[in-house]
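Data from upload.txt: compact mmCIF, N, CA and C atoms
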```
# COMPACT_ATOMS: atom_id res chain seq x y z
N GLN O 82 -9.68 14.96 6.67
CA GLN O 82 -9.98 15.17 5.27
C GLN O 82 -9.07 16.24 4.67
N GLY O 83 -8.70 17.24 5.45
CA GLY O 83 -7.83 18.29 4.96
C GLY O 83 -6.49 17.75 4.50
N LEU O 84 -5.90 16.83 5.28
CA LEU O 84 -4.61 16.25 4.91
C LEU O 84 -4.70 15.47 3.61
N SER O 85 -5.80 14.73 3.41
CA SER O 85 -5.91 13.95 2.19
C SER O 85 -6.03 14.87 0.98
N ARG O 86 -6.67 16.02 1.13
CA ARG O 86 -6.76 16.97 0.02
C ARG O 86 -5.38 17.54 -0.30
N VAL O 87 -4.58 17.79 0.74
CA VAL O 87 -3.21 18.27 0.52
C VAL O 87 -2.44 17.20 -0.24
N TYR O 88 -2.54 15.96 0.20
CA TYR O 88 -1.87 14.86 -0.48
C TYR O 88 -2.33 14.78 -1.93
N TRP O 89 -3.63 14.94 -2.15
CA TRP O 89 -4.19 14.93 -3.49
C TRP O 89 -3.52 15.99 -4.37
N LYS O 90 -3.42 17.20 -3.86
CA LYS O 90 -2.87 18.30 -4.64
C LYS O 90 -1.39 18.08 -4.93
N LEU O 91 -0.65 17.49 -3.99
CA LEU O 91 0.78 17.31 -4.16
C LEU O 91 1.14 16.10 -5.01
N LEU O 92 0.41 15.00 -4.83
CA LEU O 92 0.81 13.75 -5.47
C LEU O 92 -0.01 13.35 -6.69
N ILE O 93 -1.29 13.54 -6.66
CA ILE O 93 -2.14 13.01 -7.72
C ILE O 93 -2.44 14.05 -8.79
N ALA O 94 -2.99 15.16 -8.39
CA ALA O 94 -3.48 16.15 -9.35
C ALA O 94 -2.42 16.66 -10.33
N PRO O 95 -1.18 16.96 -9.90
CA PRO O 95 -0.21 17.50 -10.84
C PRO O 95 0.23 16.51 -11.91
N ASN O 96 0.06 15.23 -11.68
CA ASN O 96 0.54 14.21 -12.59
C ASN O 96 -0.49 13.96 -13.69
N SER O 97 -0.32 14.62 -14.82
CA SER O 97 -1.28 14.48 -15.91
C SER O 97 -1.14 13.16 -16.64
N ASN O 98 -0.09 12.38 -16.35
CA ASN O 98 0.11 11.10 -17.02
C ASN O 98 -0.35 9.91 -16.18
N ASN O 99 -1.08 10.16 -15.09
CA ASN O 99 -1.48 9.03 -14.26
C ASN O 99 -2.57 8.21 -14.94
N SER O 100 -2.72 6.97 -14.51
CA SER O 100 -3.62 6.04 -15.17
C SER O 100 -5.08 6.37 -14.97
N CYS O 101 -5.40 7.23 -14.03
CA CYS O 101 -6.80 7.54 -13.78
C CYS O 101 -7.22 8.84 -14.46
N ALA O 102 -6.33 9.41 -15.25
CA ALA O 102 -6.68 10.64 -15.96
C ALA O 102 -7.67 10.32 -17.07
N SER O 103 -8.51 11.28 -17.41
CA SER O 103 -9.48 11.07 -18.48
C SER O 103 -9.19 12.04 -19.62
N ARG O 104 -9.44 11.63 -20.84
CA ARG O 104 -9.16 12.45 -22.02
C ARG O 104 -10.31 13.39 -22.32
N HIS O 105 -9.98 14.66 -22.55
CA HIS O 105 -10.94 15.67 -22.97
C HIS O 105 -10.30 16.41 -24.15
N GLY O 106 -10.65 16.02 -25.36
CA GLY O 106 -10.03 16.63 -26.53
C GLY O 106 -8.58 16.22 -26.61
N SER O 107 -7.71 17.19 -26.82
CA SER O 107 -6.28 16.89 -26.93
C SER O 107 -5.55 17.06 -25.61
N GLU O 108 -6.26 17.48 -24.59
CA GLU O 108 -5.61 17.75 -23.31
C GLU O 108 -6.01 16.68 -22.29
N THR O 109 -5.04 16.21 -21.50
CA THR O 109 -5.29 15.22 -20.47
C THR O 109 -5.53 15.93 -19.15
N MET O 110 -6.61 15.56 -18.46
CA MET O 110 -6.94 16.21 -17.18
C MET O 110 -7.02 15.17 -16.09
N SER O 111 -6.53 15.52 -14.91
CA SER O 111 -6.67 14.65 -13.76
C SER O 111 -8.08 14.76 -13.22
N PRO O 112 -8.58 13.69 -12.61
CA PRO O 112 -9.92 13.76 -12.04
C PRO O 112 -9.93 14.68 -10.81
N SER O 113 -11.10 15.17 -10.46
CA SER O 113 -11.21 15.97 -9.25
C SER O 113 -10.99 15.08 -8.04
N TYR O 114 -10.77 15.68 -6.89
CA TYR O 114 -10.59 14.93 -5.65
C TYR O 114 -11.79 14.03 -5.39
N GLU O 115 -13.00 14.58 -5.54
CA GLU O 115 -14.22 13.82 -5.28
C GLU O 115 -14.37 12.66 -6.26
N GLU O 116 -14.05 12.90 -7.54
CA GLU O 116 -14.15 11.86 -8.55
C GLU O 116 -13.15 10.73 -8.26
N PHE O 117 -11.93 11.11 -7.91
CA PHE O 117 -10.91 10.12 -7.58
C PHE O 117 -11.34 9.28 -6.38
N LYS O 118 -11.85 9.95 -5.36
CA LYS O 118 -12.28 9.26 -4.14
C LYS O 118 -13.42 8.28 -4.44
N PHE O 119 -14.33 8.66 -5.33
CA PHE O 119 -15.46 7.81 -5.69
C PHE O 119 -15.02 6.63 -6.56
N LYS O 120 -14.18 6.90 -7.56
CA LYS O 120 -13.78 5.86 -8.51
C LYS O 120 -12.72 4.91 -7.96
N PHE O 121 -11.90 5.40 -7.04
CA PHE O 121 -10.80 4.61 -6.51
C PHE O 121 -10.79 4.66 -4.97
N PRO O 122 -11.79 4.07 -4.33
CA PRO O 122 -11.91 4.20 -2.87
C PRO O 122 -10.73 3.61 -2.09
N VAL O 123 -10.19 2.48 -2.55
CA VAL O 123 -9.08 1.85 -1.82
C VAL O 123 -7.82 2.69 -1.94
N LEU O 124 -7.53 3.16 -3.15
CA LEU O 124 -6.35 4.00 -3.36
C LEU O 124 -6.50 5.33 -2.64
N SER O 125 -7.70 5.86 -2.65
CA SER O 125 -7.98 7.11 -1.95
C SER O 125 -7.75 6.94 -0.45
N GLU O 126 -8.22 5.83 0.09
CA GLU O 126 -8.03 5.54 1.52
C GLU O 126 -6.54 5.38 1.84
N TYR O 127 -5.79 4.74 0.91
CA TYR O 127 -4.37 4.56 1.11
C TYR O 127 -3.66 5.91 1.20
N TYR O 128 -3.95 6.82 0.28
CA TYR O 128 -3.32 8.15 0.31
C TYR O 128 -3.71 8.92 1.57
N PHE O 129 -4.95 8.77 2.00
CA PHE O 129 -5.38 9.43 3.22
C PHE O 129 -4.60 8.89 4.42
N ALA O 130 -4.51 7.56 4.53
CA ALA O 130 -3.76 6.95 5.63
C ALA O 130 -2.28 7.31 5.55
N LEU O 131 -1.74 7.34 4.34
CA LEU O 131 -0.33 7.69 4.15
C LEU O 131 -0.07 9.11 4.64
N SER O 132 -1.00 10.01 4.38
CA SER O 132 -0.82 11.40 4.79
C SER O 132 -0.88 11.57 6.30
N ARG O 133 -1.42 10.59 7.00
CA ARG O 133 -1.56 10.68 8.45
C ARG O 133 -0.46 9.93 9.20
N MET O 134 0.48 9.32 8.49
CA MET O 134 1.56 8.59 9.17
C MET O 134 2.47 9.58 9.90
N ASN O 135 2.88 9.18 11.10
CA ASN O 135 3.71 10.05 11.93
C ASN O 135 5.09 9.41 12.15
N ARG O 136 5.89 10.02 13.03
CA ARG O 136 7.25 9.52 13.27
C ARG O 136 7.26 8.10 13.84
N GLU O 137 6.31 7.80 14.71
CA GLU O 137 6.24 6.45 15.27
C GLU O 137 5.93 5.43 14.16
N ASP O 138 5.02 5.79 13.27
CA ASP O 138 4.71 4.91 12.14
C ASP O 138 5.94 4.70 11.28
N GLU O 139 6.68 5.77 11.03
CA GLU O 139 7.90 5.68 10.21
C GLU O 139 8.93 4.78 10.87
N LYS O 140 8.99 4.81 12.19
CA LYS O 140 9.90 3.94 12.93
C LYS O 140 9.52 2.48 12.71
N VAL O 141 8.23 2.18 12.74
CA VAL O 141 7.76 0.81 12.51
C VAL O 141 8.04 0.40 11.06
N VAL O 142 7.86 1.32 10.10
CA VAL O 142 8.17 1.03 8.70
C VAL O 142 9.63 0.62 8.58
N LYS O 143 10.52 1.38 9.19
CA LYS O 143 11.96 1.08 9.14
C LYS O 143 12.26 -0.28 9.77
N GLU O 144 11.66 -0.54 10.93
CA GLU O 144 11.89 -1.82 11.62
C GLU O 144 11.35 -3.00 10.82
N LEU O 145 10.22 -2.81 10.15
CA LEU O 145 9.66 -3.90 9.35
C LEU O 145 10.52 -4.15 8.11
N HIS O 146 11.03 -3.10 7.50
CA HIS O 146 11.98 -3.27 6.39
C HIS O 146 13.17 -4.10 6.86
N GLU O 147 13.72 -3.75 8.01
CA GLU O 147 14.86 -4.48 8.56
C GLU O 147 14.51 -5.93 8.84
N HIS O 148 13.33 -6.18 9.37
CA HIS O 148 12.88 -7.55 9.64
C HIS O 148 12.82 -8.36 8.35
N PHE O 149 12.23 -7.77 7.30
CA PHE O 149 12.13 -8.47 6.02
C PHE O 149 13.51 -8.76 5.44
N GLN O 150 14.44 -7.83 5.60
CA GLN O 150 15.81 -8.06 5.11
C GLN O 150 16.48 -9.19 5.87
N GLN O 151 16.36 -9.17 7.20
CA GLN O 151 16.99 -10.20 8.03
C GLN O 151 16.38 -11.57 7.78
N ALA O 152 15.07 -11.62 7.52
CA ALA O 152 14.38 -12.88 7.29
C ALA O 152 14.42 -13.30 5.82
N SER O 153 15.08 -12.50 4.98
CA SER O 153 15.19 -12.75 3.54
C SER O 153 13.84 -12.89 2.86
N VAL O 154 12.88 -12.06 3.27
CA VAL O 154 11.57 -12.05 2.63
C VAL O 154 11.69 -11.20 1.37
N LYS O 155 11.42 -11.83 0.22
CA LYS O 155 11.57 -11.15 -1.06
C LYS O 155 10.41 -11.51 -1.97
N TRP O 156 10.15 -10.60 -2.91
CA TRP O 156 9.16 -10.84 -3.96
C TRP O 156 9.84 -10.70 -5.30
N PRO O 157 9.37 -11.42 -6.31
CA PRO O 157 9.92 -11.20 -7.66
C PRO O 157 9.64 -9.77 -8.11
N ASP O 158 10.58 -9.21 -8.82
CA ASP O 158 10.44 -7.84 -9.30
C ASP O 158 10.41 -7.88 -10.83
N LYS O 159 9.28 -7.46 -11.42
CA LYS O 159 9.15 -7.48 -12.88
C LYS O 159 10.19 -6.59 -13.56
N LYS O 160 10.64 -5.55 -12.87
CA LYS O 160 11.63 -4.64 -13.45
C LYS O 160 12.98 -5.31 -13.63
N THR O 161 13.26 -6.31 -12.80
CA THR O 161 14.56 -7.00 -12.88
C THR O 161 14.41 -8.37 -13.54
N GLY O 162 13.37 -8.54 -14.30
CA GLY O 162 13.18 -9.80 -15.00
C GLY O 162 12.70 -10.93 -14.11
N GLY O 163 12.06 -10.60 -13.01
CA GLY O 163 11.50 -11.62 -12.14
C GLY O 163 12.41 -12.07 -11.02
N SER O 164 13.65 -11.55 -10.98
CA SER O 164 14.53 -11.96 -9.90
C SER O 164 14.04 -11.37 -8.58
N PRO O 165 14.22 -12.09 -7.48
CA PRO O 165 13.71 -11.61 -6.19
C PRO O 165 14.32 -10.28 -5.77
N GLY O 166 13.49 -9.45 -5.20
CA GLY O 166 13.94 -8.16 -4.70
C GLY O 166 13.29 -7.88 -3.35
N ALA O 167 13.75 -6.85 -2.71
CA ALA O 167 13.21 -6.46 -1.40
C ALA O 167 11.73 -6.09 -1.54
N ILE O 168 11.00 -6.27 -0.47
CA ILE O 168 9.59 -5.87 -0.45
C ILE O 168 9.53 -4.36 -0.65
N ALA O 169 8.68 -3.91 -1.55
CA ALA O 169 8.57 -2.49 -1.88
C ALA O 169 8.14 -1.66 -0.68
N ASP O 170 8.61 -0.42 -0.65
CA ASP O 170 8.30 0.48 0.46
C ASP O 170 6.80 0.69 0.63
N TRP O 171 6.06 0.83 -0.48
CA TRP O 171 4.61 1.05 -0.36
C TRP O 171 3.93 -0.16 0.26
N VAL O 172 4.46 -1.38 0.02
CA VAL O 172 3.89 -2.59 0.61
C VAL O 172 4.13 -2.58 2.12
N VAL O 173 5.35 -2.24 2.51
CA VAL O 173 5.68 -2.19 3.94
C VAL O 173 4.80 -1.15 4.64
N ARG O 174 4.62 0.00 4.01
CA ARG O 174 3.75 1.04 4.60
C ARG O 174 2.31 0.55 4.73
N ARG O 175 1.85 -0.18 3.74
CA ARG O 175 0.47 -0.70 3.79
C ARG O 175 0.33 -1.70 4.93
N ILE O 176 1.34 -2.52 5.14
CA ILE O 176 1.31 -3.49 6.24
C ILE O 176 1.28 -2.77 7.58
N VAL O 177 2.07 -1.71 7.70
CA VAL O 177 2.08 -0.92 8.94
C VAL O 177 0.71 -0.30 9.18
N MET O 178 0.07 0.19 8.12
CA MET O 178 -1.28 0.74 8.26
C MET O 178 -2.25 -0.34 8.73
N TRP O 179 -2.17 -1.53 8.10
CA TRP O 179 -3.04 -2.65 8.45
C TRP O 179 -2.87 -3.05 9.91
N SER O 180 -1.63 -3.04 10.38
CA SER O 180 -1.34 -3.50 11.74
C SER O 180 -1.57 -2.44 12.81
N GLY O 181 -1.91 -1.22 12.38
CA GLY O 181 -2.05 -0.14 13.37
C GLY O 181 -0.72 0.22 14.00
N SER O 182 0.36 0.09 13.22
CA SER O 182 1.74 0.37 13.67
C SER O 182 2.21 -0.59 14.76
N ASN O 183 1.61 -1.77 14.80
CA ASN O 183 2.01 -2.80 15.75
C ASN O 183 2.99 -3.73 15.03
N LEU O 184 4.28 -3.63 15.36
CA LEU O 184 5.32 -4.39 14.67
C LEU O 184 5.10 -5.90 14.79
N THR O 185 4.69 -6.36 15.96
CA THR O 185 4.45 -7.79 16.16
C THR O 185 3.35 -8.27 15.23
N LYS O 186 2.26 -7.53 15.13
CA LYS O 186 1.16 -7.89 14.22
C LYS O 186 1.61 -7.79 12.77
N ALA O 187 2.38 -6.76 12.44
CA ALA O 187 2.86 -6.56 11.07
C ALA O 187 3.69 -7.75 10.60
N LYS O 188 4.50 -8.31 11.49
CA LYS O 188 5.34 -9.45 11.14
C LYS O 188 4.53 -10.71 10.89
N LYS O 189 3.27 -10.73 11.34
CA LYS O 189 2.44 -11.92 11.23
C LYS O 189 1.58 -11.96 9.97
N LEU O 190 1.67 -10.94 9.11
CA LEU O 190 0.90 -10.95 7.87
C LEU O 190 1.55 -11.90 6.88
N CYS O 191 0.76 -12.78 6.32
CA CYS O 191 1.28 -13.76 5.36
C CYS O 191 1.64 -13.07 4.06
N MET O 192 2.91 -13.12 3.70
CA MET O 192 3.37 -12.48 2.48
C MET O 192 3.07 -13.34 1.25
N PHE O 193 2.86 -14.65 1.44
CA PHE O 193 2.43 -15.49 0.32
C PHE O 193 1.01 -15.12 -0.09
N LYS O 194 0.16 -14.86 0.88
CA LYS O 194 -1.23 -14.46 0.60
C LYS O 194 -1.26 -13.22 -0.28
N ASN O 195 -0.35 -12.29 -0.03
CA ASN O 195 -0.32 -11.02 -0.75
C ASN O 195 0.72 -10.97 -1.86
N HIS O 196 1.22 -12.11 -2.24
CA HIS O 196 2.26 -12.18 -3.28
C HIS O 196 1.70 -11.69 -4.61
N PRO O 197 2.52 -10.94 -5.37
CA PRO O 197 2.04 -10.39 -6.64
C PRO O 197 1.63 -11.44 -7.68
N SER O 198 2.00 -12.69 -7.49
CA SER O 198 1.61 -13.72 -8.45
C SER O 198 0.11 -13.93 -8.44
N GLY O 199 -0.55 -13.57 -7.34
CA GLY O 199 -2.00 -13.70 -7.24
C GLY O 199 -2.48 -15.09 -6.88
N LYS O 200 -1.58 -15.99 -6.53
CA LYS O 200 -1.97 -17.36 -6.21
C LYS O 200 -2.45 -17.52 -4.77
N GLY O 201 -2.16 -16.54 -3.93
CA GLY O 201 -2.54 -16.67 -2.52
C GLY O 201 -1.58 -17.58 -1.79
N CYS O 202 -1.91 -17.91 -0.55
CA CYS O 202 -1.06 -18.78 0.26
C CYS O 202 -1.43 -20.23 -0.01
N LEU O 203 -0.45 -21.00 -0.42
CA LEU O 203 -0.66 -22.41 -0.70
C LEU O 203 -0.01 -23.30 0.36
N THR O 204 0.47 -22.68 1.45
CA THR O 204 1.15 -23.41 2.51
C THR O 204 0.14 -24.03 3.46
N LYS O 205 0.12 -25.36 3.52
CA LYS O 205 -0.80 -26.04 4.44
C LYS O 205 -0.39 -25.75 5.88
N GLY O 206 -1.36 -25.40 6.70
CA GLY O 206 -1.11 -25.14 8.10
C GLY O 206 -0.41 -23.82 8.38
N CYS O 207 -0.45 -22.89 7.43
CA CYS O 207 0.18 -21.58 7.63
C CYS O 207 -0.47 -20.89 8.83
N THR O 208 0.36 -20.38 9.71
CA THR O 208 -0.15 -19.74 10.93
C THR O 208 -0.12 -18.21 10.86
N PHE O 209 0.27 -17.67 9.71
CA PHE O 209 0.29 -16.22 9.54
C PHE O 209 -1.12 -15.70 9.26
N ASP O 210 -1.32 -14.41 9.47
CA ASP O 210 -2.62 -13.78 9.22
C ASP O 210 -2.83 -13.65 7.72
N HIS O 211 -3.99 -14.08 7.26
CA HIS O 211 -4.32 -14.04 5.83
C HIS O 211 -5.30 -12.92 5.56
N ASN O 212 -4.77 -11.71 5.42
CA ASN O 212 -5.57 -10.53 5.12
C ASN O 212 -5.01 -9.87 3.87
N CYS O 213 -5.92 -9.32 3.06
CA CYS O 213 -5.54 -8.61 1.86
C CYS O 213 -4.86 -7.29 2.24
N LEU O 214 -3.78 -6.99 1.57
CA LEU O 214 -3.05 -5.74 1.81
C LEU O 214 -3.86 -4.51 1.44
N PHE O 215 -4.79 -4.64 0.51
CA PHE O 215 -5.51 -3.49 0.01
C PHE O 215 -6.79 -3.19 0.77
N CYS O 216 -7.59 -4.22 1.01
CA CYS O 216 -8.89 -3.98 1.66
C CYS O 216 -8.96 -4.59 3.06
N TYR O 217 -7.92 -5.29 3.45
CA TYR O 217 -7.79 -5.92 4.77
C TYR O 217 -8.72 -7.11 4.98
N SER O 218 -9.43 -7.52 3.94
CA SER O 218 -10.35 -8.65 4.05
C SER O 218 -9.59 -9.96 4.15
N SER O 219 -10.18 -10.92 4.83
CA SER O 219 -9.60 -12.26 4.89
C SER O 219 -10.42 -13.21 4.03
N LYS O 220 -11.36 -12.68 3.26
CA LYS O 220 -12.29 -13.50 2.50
C LYS O 220 -11.84 -13.81 1.08
N HIS O 221 -10.75 -13.24 0.64
CA HIS O 221 -10.26 -13.55 -0.71
C HIS O 221 -8.74 -13.60 -0.71
N GLY O 222 -8.17 -14.00 -1.82
CA GLY O 222 -6.72 -14.08 -1.93
C GLY O 222 -6.33 -15.21 -2.70
```
Spell out the structure here as structure tokens.
Amino acid sequence: QGLSRVYWKLLIAPNSNNSCASRHGSETMSPSYEEFKFKFPVLSEYYFALSRMNREDEKVVKELHEHFQQASVKWPDKKTGGSPGAIADWVVRRIVMWSGSNLTKAKKLCMFKNHPSGKGCLTKGCTFDHNCLFCYSSKHG
């Protein structure tokens, strides 16, 4: 819990322009750590897990990025007008968290299921793991 509070102070609290800030008069205030954790449990869990990543996890993140590049796994990027781009670093980190830093398992997550279009996997007979990147559930997508 201590690490997540440090992460909170460094990344979330100083940013008065974040989307979870609430208006009080003319001044914008960030929510408290407890309020953020209550209102945004998945994001809170992500920051906590991110704060606990170590060198071995970082090695898996790098290897998974390389795997996606070699396999030409890309997602459309709204910033570039929808043209395909590399899988975002935060997505790769989330996959590593989901897999428990197991590169073999990480490579088996279906990227169509987690595609930003929100359509889920439409591939008949897909043998990849169909888990949500955010909550790890296999019950939606």
- request: Identify all residues of range 134-212 of chain O in strand (DSSP E or B) (DSSP on the backbone) and supply them as a list in words.
  value: Lys155, Trp156, Pro157, Pro165, Gly166, Ala167, Leu190 and Asp210 of chain O
Do you have, as a Markdown table, the list of residues of range 159-191 of chain O lying at most 8 Å from range 147-150 of chain O, each with its nearest atom pair and that distance in Å to one decimal, counting all atoms listed in the file and ordered by chain then number?
```
| residue | atom | partner | partner_atom | distance |
| --- | --- | --- | --- | --- |
| O:Ala167 | CA | O:Gln150 | CA | 7.2 |
| O:Ile168 | N | O:Phe149 | C | 6.9 |
| O:Lys188 | CA | O:His148 | CA | 7.9 |
```
Residues near Asn135 in chain O, cut-off 12 Å, only C-alpha atoms, skip fewer than 4 positions along chain, as a PDB file with N, CA and C atoms, in the coordinates of the input:
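In the end it all went to part16.pdb:
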```pdb
ATOM      1  N   ALA O 130      -4.510   7.560   4.530  1.00  0.00           N
ATOM      2  CA  ALA O 130      -3.760   6.950   5.630  1.00  0.00           C
ATOM      3  C   ALA O 130      -2.280   7.310   5.550  1.00  0.00           C
ATOM      4  N   LEU O 131      -1.740   7.340   4.340  1.00  0.00           N
ATOM      5  CA  LEU O 131      -0.330   7.690   4.150  1.00  0.00           C
ATOM      6  C   LEU O 131      -0.070   9.110   4.640  1.00  0.00           C
ATOM      7  N   GLU O 139       6.680   5.770  11.030  1.00  0.00           N
ATOM      8  CA  GLU O 139       7.900   5.680  10.210  1.00  0.00           C
ATOM      9  C   GLU O 139       8.930   4.780  10.870  1.00  0.00           C
ATOM     10  N   LYS O 140       8.990   4.810  12.190  1.00  0.00           N
ATOM     11  CA  LYS O 140       9.900   3.940  12.930  1.00  0.00           C
ATOM     12  C   LYS O 140       9.520   2.480  12.710  1.00  0.00           C
ATOM     13  N   VAL O 141       8.230   2.180  12.740  1.00  0.00           N
ATOM     14  CA  VAL O 141       7.760   0.810  12.510  1.00  0.00           C
ATOM     15  C   VAL O 141       8.040   0.400  11.060  1.00  0.00           C
ATOM     16  N   VAL O 142       7.860   1.320  10.100  1.00  0.00           N
ATOM     17  CA  VAL O 142       8.170   1.030   8.700  1.00  0.00           C
ATOM     18  C   VAL O 142       9.630   0.620   8.580  1.00  0.00           C
ATOM     19  N   ARG O 174       4.620   0.000   4.010  1.00  0.00           N
ATOM     20  CA  ARG O 174       3.750   1.040   4.600  1.00  0.00           C
ATOM     21  C   ARG O 174       2.310   0.550   4.730  1.00  0.00           C
ATOM     22  N   VAL O 177       2.070  -1.710   7.700  1.00  0.00           N
ATOM     23  CA  VAL O 177       2.080  -0.920   8.940  1.00  0.00           C
ATOM     24  C   VAL O 177       0.710  -0.300   9.180  1.00  0.00           C
ATOM     25  N   MET O 178       0.070   0.190   8.120  1.00  0.00           N
ATOM     26  CA  MET O 178      -1.280   0.740   8.260  1.00  0.00           C
ATOM     27  C   MET O 178      -2.250  -0.340   8.730  1.00  0.00           C
ATOM     28  N   GLY O 181      -1.910  -1.220  12.380  1.00  0.00           N
ATOM     29  CA  GLY O 181      -2.050  -0.140  13.370  1.00  0.00           C
ATOM     30  C   GLY O 181      -0.720   0.220  14.000  1.00  0.00           C
ATOM     31  N   SER O 182       0.360   0.090  13.220  1.00  0.00           N
ATOM     32  CA  SER O 182       1.740   0.370  13.670  1.00  0.00           C
ATOM     33  C   SER O 182       2.210  -0.590  14.760  1.00  0.00           C
TER      34      SER O 182
END
```
- line: From atom C of Glu144 in chain O to atom N of Ser180 in chain O the spacing works out at 13.0 Å
- request: Please indicate the distance in Å from atom N of Phe119 in chain O to atom N of Cys216 in chain O, rounded to one decimal place.
  value: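 Going from atom N of Phe119 in chain O over to atom N of Cys216 in chain O, I get 15.9 Å.
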